[in-house]
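Listing of my_file.cif, mmCIF, C-alpha atoms
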data_target
#
loop_
_atom_site.label_atom_id
_atom_site.label_comp_id
_atom_site.auth_asym_id
_atom_site.auth_seq_id
_atom_site.Cartn_x
_atom_site.Cartn_y
_atom_site.Cartn_z
CA MET A 1325 -46.39 42.31 27.92
CA SER A 1326 -43.54 42.52 25.46
CA ARG A 1327 -44.21 42.84 21.72
CA ASP A 1328 -40.90 41.30 20.69
CA GLY A 1329 -42.42 37.80 20.41
CA GLY A 1330 -40.44 36.45 23.30
CA ASN A 1331 -37.10 37.84 22.11
CA GLN A 1332 -34.99 38.29 25.19
CA GLY A 1333 -32.65 40.76 23.56
CA ALA A 1334 -29.13 40.66 22.26
CA ASP A 1335 -27.77 39.39 25.52
CA GLY A 1336 -30.10 36.37 25.85
CA PRO A 1337 -30.31 32.98 24.10
CA ALA A 1338 -32.58 34.31 21.33
CA GLY A 1339 -30.15 37.11 20.61
CA GLY A 1340 -27.33 34.72 19.71
CA ALA A 1341 -24.95 35.46 22.57
CA SER A 1342 -24.74 35.96 26.29
CA SER A 1343 -22.16 37.23 28.67
CA GLY A 1344 -21.64 33.81 30.17
CA GLY A 1345 -22.69 31.43 27.39
CA ASN A 1346 -22.16 30.52 23.79
CA TYR A 1347 -25.36 30.63 21.76
CA GLY A 1348 -26.22 30.64 18.10
CA GLY A 1349 -22.89 29.08 17.13
CA ASN A 1350 -20.80 31.99 18.40
CA ARG A 1351 -17.39 30.84 19.55
CA ASN A 1352 -15.93 31.90 22.84
CA PRO A 1353 -13.01 34.20 21.96
CA ASN A 1354 -10.97 32.53 24.69
CA GLU A 1355 -11.52 29.07 23.23
CA LYS A 1356 -8.49 27.67 21.41
CA THR A 1357 -8.80 25.41 18.39
CA ASP A 1358 -6.12 23.41 16.67
CA ILE A 1359 -7.10 23.28 13.00
CA GLY A 1360 -4.07 21.23 12.00
CA ALA A 1361 -4.36 18.68 14.81
CA GLY A 1362 -6.19 16.10 12.69
CA SER A 1363 -3.80 16.51 9.78
CA ASN A 1364 -0.74 16.29 12.01
CA LYS A 1365 -2.07 13.13 13.64
CA THR A 1366 -2.65 11.53 10.22
CA ASN A 1367 0.84 12.49 9.05
CA GLN A 1368 2.36 11.13 12.25
CA LEU A 1369 0.52 7.84 11.83
CA ALA A 1370 1.66 7.53 8.22
CA LYS A 1371 5.22 8.25 9.29
CA GLU A 1372 5.07 5.59 12.00
CA GLN A 1373 3.68 3.00 9.56
CA LYS A 1374 6.43 3.82 7.04
CA THR A 1375 9.08 3.41 9.72
CA LYS A 1376 7.55 0.12 10.81
CA GLU A 1377 7.39 -1.10 7.20
CA LYS A 1378 11.05 -0.26 6.70
CA LYS A 1379 11.94 -2.08 9.90
CA PHE A 1380 10.05 -5.16 8.71
CA ILE A 1381 11.76 -5.17 5.31
CA ASN A 1382 15.20 -4.89 6.86
CA SER A 1383 14.60 -7.19 9.81
CA ALA A 1384 16.29 -10.55 10.29
CA LYS A 1385 15.13 -13.53 8.32
CA VAL A 1386 12.31 -15.56 9.77
CA LYS A 1387 13.18 -18.67 11.76
CA ASN A 1388 10.48 -20.81 10.21
CA PRO A 1389 9.82 -24.02 12.19
CA PHE A 1390 7.64 -25.33 9.34
CA LEU A 1391 10.39 -25.24 6.72
CA ILE A 1392 10.07 -28.48 4.77
CA LEU A 1393 13.14 -28.08 2.56
CA LYS A 1394 16.58 -29.37 3.36
CA PRO A 1395 19.19 -26.74 4.12
CA VAL A 1396 20.61 -25.41 0.85
CA GLU A 1397 23.45 -22.88 0.84
CA SER A 1398 23.10 -22.53 4.59
CA VAL A 1399 19.52 -21.30 4.23
CA VAL A 1400 18.54 -22.25 7.76
CA GLU A 1401 21.58 -20.51 9.19
CA GLY A 1402 20.78 -17.52 7.03
CA PHE A 1403 17.43 -17.11 8.74
CA ALA A 1404 19.28 -15.57 11.66
CA LYS A 1405 20.88 -12.95 9.43
CA LYS A 1406 19.60 -9.91 7.62
CA GLY A 1407 18.29 -10.72 4.17
CA SER A 1408 15.48 -11.34 1.69
CA VAL A 1409 15.04 -7.60 1.21
CA TYR A 1410 13.58 -8.02 -2.28
CA SER A 1411 11.14 -10.71 -1.16
CA ARG A 1412 10.01 -8.61 1.79
CA THR A 1413 9.66 -5.53 -0.42
CA PHE A 1414 7.68 -7.56 -2.93
CA PHE A 1415 5.51 -8.97 -0.15
CA SER A 1416 4.80 -5.48 1.20
CA ASP A 1417 4.27 -3.64 -2.10
CA LYS A 1418 2.75 -6.30 -4.34
CA VAL A 1419 1.04 -8.79 -2.04
CA LEU A 1420 -0.19 -6.76 0.95
CA SER A 1421 -1.04 -3.64 -1.05
CA LYS A 1422 -3.02 -5.49 -3.71
CA LYS A 1423 -4.78 -8.45 -2.12
CA GLY A 1424 -3.70 -8.76 1.48
CA VAL A 1425 -2.41 -11.97 3.02
CA SER A 1426 -4.13 -15.02 4.51
CA TYR A 1427 -2.77 -16.52 7.70
CA LYS A 1428 -4.30 -19.42 9.61
CA GLY A 1429 -7.61 -18.99 7.83
CA THR A 1430 -7.85 -15.22 8.35
CA LYS A 1431 -7.17 -12.60 5.70
CA TYR A 1432 -5.39 -9.38 6.67
CA SER A 1433 -5.10 -6.11 4.77
CA LYS A 1434 -1.87 -4.13 4.66
CA THR A 1435 -3.18 -1.72 7.30
CA GLU A 1436 -4.07 -4.59 9.62
CA PHE A 1437 -0.68 -6.19 9.01
CA GLN A 1438 1.12 -2.94 9.85
CA ASN A 1439 -0.70 -2.73 13.17
CA PHE A 1440 0.92 -5.98 14.32
CA SER A 1441 4.22 -6.15 16.17
CA ILE A 1442 7.33 -6.90 14.12
CA THR A 1443 7.38 -10.39 15.67
CA LYS A 1444 3.84 -11.06 14.47
CA GLN A 1445 4.59 -9.59 11.05
CA ASN A 1446 7.56 -11.92 10.66
CA GLU A 1447 5.39 -14.84 11.71
CA ILE A 1448 2.85 -14.07 8.98
CA TYR A 1449 5.57 -13.39 6.41
CA GLY A 1450 7.25 -16.68 7.36
CA ASP A 1451 4.03 -18.54 6.59
CA TYR A 1452 3.76 -16.81 3.19
CA LEU A 1453 7.41 -17.54 2.44
CA ASN A 1454 7.16 -21.20 3.42
CA LYS A 1455 4.12 -21.78 1.19
CA ARG A 1456 5.92 -20.11 -1.69
CA MET A 1457 9.04 -22.22 -1.15
CA GLN A 1458 6.85 -25.29 -0.75
CA GLY A 1459 5.56 -24.78 -4.29
CA GLY A 1460 1.93 -24.43 -3.28
CA THR A 1461 1.55 -20.70 -4.07
CA ASP A 1462 2.92 -18.25 -6.59
CA ALA A 1463 4.83 -15.09 -5.72
CA TYR A 1464 1.58 -13.21 -5.08
CA GLY A 1465 0.33 -15.79 -2.60
CA ASN A 1466 -2.24 -17.31 -4.95
CA ILE A 1467 -2.80 -21.02 -4.35
CA LEU A 1468 -1.69 -23.05 -7.37
CA SER A 1469 -3.57 -25.82 -9.11
CA GLY A 1470 -3.37 -29.10 -7.22
CA TRP A 1471 -3.33 -27.47 -3.78
CA ARG A 1472 -5.96 -26.40 -1.31
CA GLU A 1473 -5.98 -24.70 2.07
CA ASP A 1474 -7.63 -26.25 5.11
CA SER A 1475 -9.55 -24.34 7.80
CA LYS A 1476 -6.32 -23.64 9.68
CA GLY A 1477 -4.57 -22.17 6.65
CA ASN A 1478 -2.32 -25.17 5.98
CA LEU A 1479 -1.66 -26.10 2.35
CA ILE A 1480 -2.64 -29.62 1.35
CA GLN A 1481 -1.55 -31.20 -1.90
CA THR A 1482 -4.34 -32.98 -3.79
CA ALA A 1483 -4.10 -36.15 -5.86
CA ASP A 1484 -4.28 -34.28 -9.17
CA ALA A 1485 -1.50 -31.85 -8.25
CA ASP A 1486 0.82 -30.59 -10.94
CA PRO A 1487 4.53 -31.34 -10.62
CA VAL A 1488 5.73 -29.37 -7.61
CA ILE A 1489 8.61 -26.95 -8.04
CA LYS A 1490 10.16 -26.28 -4.66
CA LYS A 1491 12.46 -23.32 -4.14
CA ASN A 1492 14.99 -22.33 -1.53
CA GLU A 1493 15.09 -18.83 -0.11
CA THR A 1494 17.84 -17.68 -2.44
CA GLN A 1495 15.75 -18.68 -5.45
CA VAL A 1496 12.71 -16.90 -4.03
CA GLU A 1497 14.77 -13.76 -3.46
CA THR A 1498 16.09 -13.86 -7.03
CA GLU A 1499 12.58 -14.37 -8.38
CA SER A 1500 11.24 -11.44 -6.35
CA LYS A 1501 14.00 -9.17 -7.58
CA LYS A 1502 13.33 -10.13 -11.20
CA ILE A 1503 9.58 -9.47 -10.93
CA ILE A 1504 10.14 -6.08 -9.26
CA GLU A 1505 12.62 -5.01 -11.95
CA GLU A 1506 10.38 -6.19 -14.79
CA GLU A 1507 7.34 -4.37 -13.40
CA ASN A 1508 9.37 -1.19 -12.86
CA GLU A 1509 10.66 -1.31 -16.43
CA LYS A 1510 7.15 -1.81 -17.76
CA LYS A 1511 5.84 1.04 -15.65
CA ASN A 1512 8.57 3.44 -16.75
CA ALA A 1513 8.58 2.42 -20.41
CA ILE A 1514 7.57 5.16 -22.87
CA THR A 1515 6.77 4.37 -26.48
CA GLU A 1516 8.04 6.46 -29.38
CA GLU A 1517 4.50 7.72 -29.97
CA GLU A 1518 4.26 8.90 -26.34
CA LYS A 1519 7.61 10.66 -26.67
CA GLU A 1520 6.37 12.45 -29.79
CA GLU A 1521 3.15 13.47 -28.03
CA ASN A 1522 5.09 14.82 -25.05
CA TYR A 1523 7.45 16.75 -27.36
CA LYS A 1524 4.53 18.40 -29.16
CA LYS A 1525 2.91 19.43 -25.89
CA ILE A 1526 6.16 20.89 -24.57
CA LYS A 1527 6.74 22.87 -27.79
CA GLY A 1528 3.14 24.07 -27.91
CA LEU A 1529 2.46 22.20 -31.12
CA LYS A 1530 -0.52 20.38 -29.65
CA GLY A 1531 -3.29 21.20 -27.25
CA ALA A 1532 -6.30 23.48 -26.88
CA ARG A 1533 -4.16 26.63 -26.73
CA SER A 1534 -1.82 25.73 -29.58
CA MET A 1535 -1.62 28.31 -32.37
CA PHE A 1536 -0.75 25.68 -34.90
CA GLY A 1537 -2.83 22.76 -33.59
CA ASN A 1538 -6.05 23.19 -35.58
CA ALA A 1539 -6.10 23.82 -39.32
CA GLY A 1540 -8.27 26.82 -40.16
CA GLY A 1541 -8.36 27.97 -36.55
CA ARG A 1542 -7.42 31.37 -35.22
CA GLY A 1543 -3.73 31.95 -35.56
CA TYR A 1544 -3.28 28.83 -37.67
CA PHE A 1545 -0.21 28.99 -39.81
CA ASP A 1546 -0.03 26.89 -42.96
CA PRO A 1547 3.57 26.74 -44.16
CA THR A 1548 2.48 25.51 -47.61
#

Please render this file's structure as C-alpha cells.
Amino acid sequence: MSRDGGNQGADGPAGGASSGGNYGGNRNPNEKTDIGAGSNKTNQLAKEQKTKEKKFINSAKVKNPFLILKPVESVVEGFAKKGSVYSRTFFSDKVLSKKGVSYKGTKYSKTEFQNFSITKQNEIYGDYLNKRMQGGTDAYGNILSGWREDSKGNLIQTADADPVIKKNETQVETESKKIIEEENEKKNAITEEEKEENYKKIKGLKGARSMFGNAGGRGYFDPT
C-alpha cells in the first residue's frame, strides 16, 4: 500500500500534468491562443459602426410619405438628393447618444439604431424629422406641450395645444447647425480665470510640486 495518500506521481492527475492530458491548469505547449482577438473584434465592430454612421449622415434625404407640409423651396424634390447633414449629425450625436429615439411606440438606443440597415435608419430618422417639422417635438425629439403620442407613435394635437410653429427642412437644417455651433462654442469656451490657472500650472507656479506655491513651505521664495 502506498504512503503517498493516493498521489499518483508527477505524471498523473494529482501531479498536475500528464503526458497526454492537461491537468492542474497547465497549458498544452502546442495550444495557440490569440490574446488580442477580443480587442481586435471590438475595434472592428466600432469601425464598422462608425462607417455605418457616416453613411447614414451622408445618405440621401428621406422620402417621407407622411410629410404634411406643402413643398417649399423644392423640399420634396430635395428628398431625393444628398442633404440635411447637420440635422443628421445632430440626430446622431445629440438625440441618439443622449436619449435614444422612439419609433412606432418603441424606443431605440443608438447601438440598436446602428444595428439596423440604412433603409431602416432612414425610416426612423424620417419619422423624427417629420414630427420636428410638424411642430410637435423640439430638436431633441421631446414632445411639446399640447401634443401627445398614441400607441402607434403618431403625434396627436390636443385641444389645449400651443400655437404650432411648422418648419420646412431647410429651416430644420439651419436650426440644427445653429445648435451644434452654439454647443461647440460653449464646450470650447475658456474663462480668463481658467486661462490664468492653466498658465500657472504650465509655469510651475501652482500645484503640489511648485516651489513657490505655498508660503512658508520648503523652497518658498518671498520676493518682498

(request) Starting from the shown file, work through the PyMOL selection byres ((chain A and resi 1365-1382) around 10) and note down what comes out as JSON, numbers by chain. (result) {"A": [1360, 1361, 1362, 1363, 1364, 1383, 1384, 1385, 1406, 1407, 1408, 1409, 1410, 1411, 1412, 1413, 1414, 1415, 1416, 1435, 1437, 1438, 1439, 1440, 1441, 1442, 1443, 1445, 1446, 1449]}

Expand the PyMOL selection byres ((chain A and resi 1468) around 12) into the individual residues it matches in the shown file, reporting them as a PDB file with C-alpha atoms, in the frame of the given file.
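Once written, result-v9.pdb looks like this:
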ATOM      1  CA  LYS A1455       4.120 -21.780   1.190  1.00  0.00           C
ATOM      2  CA  ARG A1456       5.920 -20.110  -1.690  1.00  0.00           C
ATOM      3  CA  GLN A1458       6.850 -25.290  -0.750  1.00  0.00           C
ATOM      4  CA  GLY A1459       5.560 -24.780  -4.290  1.00  0.00           C
ATOM      5  CA  GLY A1460       1.930 -24.430  -3.280  1.00  0.00           C
ATOM      6  CA  THR A1461       1.550 -20.700  -4.070  1.00  0.00           C
ATOM      7  CA  ASP A1462       2.920 -18.250  -6.590  1.00  0.00           C
ATOM      8  CA  ALA A1463       4.830 -15.090  -5.720  1.00  0.00           C
ATOM      9  CA  TYR A1464       1.580 -13.210  -5.080  1.00  0.00           C
ATOM     10  CA  GLY A1465       0.330 -15.790  -2.600  1.00  0.00           C
ATOM     11  CA  ASN A1466      -2.240 -17.310  -4.950  1.00  0.00           C
ATOM     12  CA  ILE A1467      -2.800 -21.020  -4.350  1.00  0.00           C
ATOM     13  CA  SER A1469      -3.570 -25.820  -9.110  1.00  0.00           C
ATOM     14  CA  GLY A1470      -3.370 -29.100  -7.220  1.00  0.00           C
ATOM     15  CA  TRP A1471      -3.330 -27.470  -3.780  1.00  0.00           C
ATOM     16  CA  ARG A1472      -5.960 -26.400  -1.310  1.00  0.00           C
ATOM     17  CA  GLU A1473      -5.980 -24.700   2.070  1.00  0.00           C
ATOM     18  CA  LEU A1479      -1.660 -26.100   2.350  1.00  0.00           C
ATOM     19  CA  ILE A1480      -2.640 -29.620   1.350  1.00  0.00           C
ATOM     20  CA  GLN A1481      -1.550 -31.200  -1.900  1.00  0.00           C
ATOM     21  CA  THR A1482      -4.340 -32.980  -3.790  1.00  0.00           C
ATOM     22  CA  ASP A1484      -4.280 -34.280  -9.170  1.00  0.00           C
ATOM     23  CA  ALA A1485      -1.500 -31.850  -8.250  1.00  0.00           C
ATOM     24  CA  ASP A1486       0.820 -30.590 -10.940  1.00  0.00           C
ATOM     25  CA  PRO A1487       4.530 -31.340 -10.620  1.00  0.00           C
ATOM     26  CA  VAL A1488       5.730 -29.370  -7.610  1.00  0.00           C
ATOM     27  CA  ILE A1489       8.610 -26.950  -8.040  1.00  0.00           C
TER      28      ILE A1489
END

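For Tyr1432 in chain A, the list of residues within 10 Å, based on only C-alpha atoms and with local chain neighbours fewer than 5 positions off taken out, reads Leu1420, Lys1423, Gly1424, Val1425, Ser1426, Tyr1427, Phe1437, Gln1438 and Ile1448 of chain A.
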
Mind dumping the selected residues with C-alpha atoms as a CSV table (one decimal), keeping the file's coordinate frame?
chain,number,residue,atom,x,y,z
A,1420,LEU,CA,-0.2,-6.8,1.0
A,1423,LYS,CA,-4.8,-8.4,-2.1
A,1424,GLY,CA,-3.7,-8.8,1.5
A,1425,VAL,CA,-2.4,-12.0,3.0
A,1426,SER,CA,-4.1,-15.0,4.5
A,1427,TYR,CA,-2.8,-16.5,7.7
A,1437,PHE,CA,-0.7,-6.2,9.0
A,1438,GLN,CA,1.1,-2.9,9.8
A,1448,ILE,CA,2.8,-14.1,9.0

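Of note, CA of Val1496 in chain A and CA of Asp1417 in chain A are spaced 15.8 Å apart.
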
(request) Quote the spacing between CA of Met1457 in chain A and CA of Lys1444 in chain A in Å to one decimal place. (result)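 Pair CA of Met1457 in chain A / CA of Lys1444 in chain A returns 19.9 Å.
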
(request) Record the distance separating CA of Asn1508 in chain A and CA of Lys1527 in chain A, expressed in Å with one decimal. (result)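 Between CA of Asn1508 in chain A and CA of Lys1527 in chain A the gap is 28.4 Å.
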
With N, CA and C atoms as the goal, would you fill in the gaps in range 1489-1501 of chain A and present it as a compact mmCIF listing (two decimals), in the coordinates of the input?
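Writing the result to selection.txt gives the following:
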# COMPACT_ATOMS: atom_id res chain seq x y z
N ILE A 1489 7.29 -27.56 -7.90
CA ILE A 1489 8.61 -26.95 -8.04
C ILE A 1489 8.93 -26.24 -6.74
N LYS A 1490 9.78 -26.88 -5.94
CA LYS A 1490 10.16 -26.28 -4.66
C LYS A 1490 11.32 -25.33 -4.87
N LYS A 1491 11.39 -24.32 -4.03
CA LYS A 1491 12.46 -23.32 -4.14
C LYS A 1491 13.09 -23.11 -2.77
N ASN A 1492 14.37 -22.76 -2.78
CA ASN A 1492 14.99 -22.33 -1.53
C ASN A 1492 14.87 -20.81 -1.44
N GLU A 1493 15.29 -20.26 -0.33
CA GLU A 1493 15.09 -18.83 -0.11
C GLU A 1493 15.87 -17.96 -1.08
N THR A 1494 17.04 -18.43 -1.48
CA THR A 1494 17.84 -17.68 -2.44
C THR A 1494 17.12 -17.59 -3.78
N GLN A 1495 16.50 -18.67 -4.20
CA GLN A 1495 15.75 -18.68 -5.45
C GLN A 1495 14.52 -17.78 -5.37
N VAL A 1496 13.87 -17.77 -4.23
CA VAL A 1496 12.71 -16.90 -4.03
C VAL A 1496 13.14 -15.44 -4.09
N GLU A 1497 14.27 -15.13 -3.47
CA GLU A 1497 14.77 -13.76 -3.46
C GLU A 1497 15.11 -13.30 -4.88
N THR A 1498 15.74 -14.18 -5.65
CA THR A 1498 16.09 -13.86 -7.03
C THR A 1498 14.84 -13.65 -7.88
N GLU A 1499 13.84 -14.49 -7.66
CA GLU A 1499 12.58 -14.37 -8.38
C GLU A 1499 11.88 -13.06 -8.06
N SER A 1500 11.87 -12.69 -6.78
CA SER A 1500 11.24 -11.44 -6.35
C SER A 1500 11.92 -10.24 -6.99
N LYS A 1501 13.24 -10.26 -7.00
CA LYS A 1501 14.00 -9.17 -7.58
C LYS A 1501 13.68 -9.02 -9.07
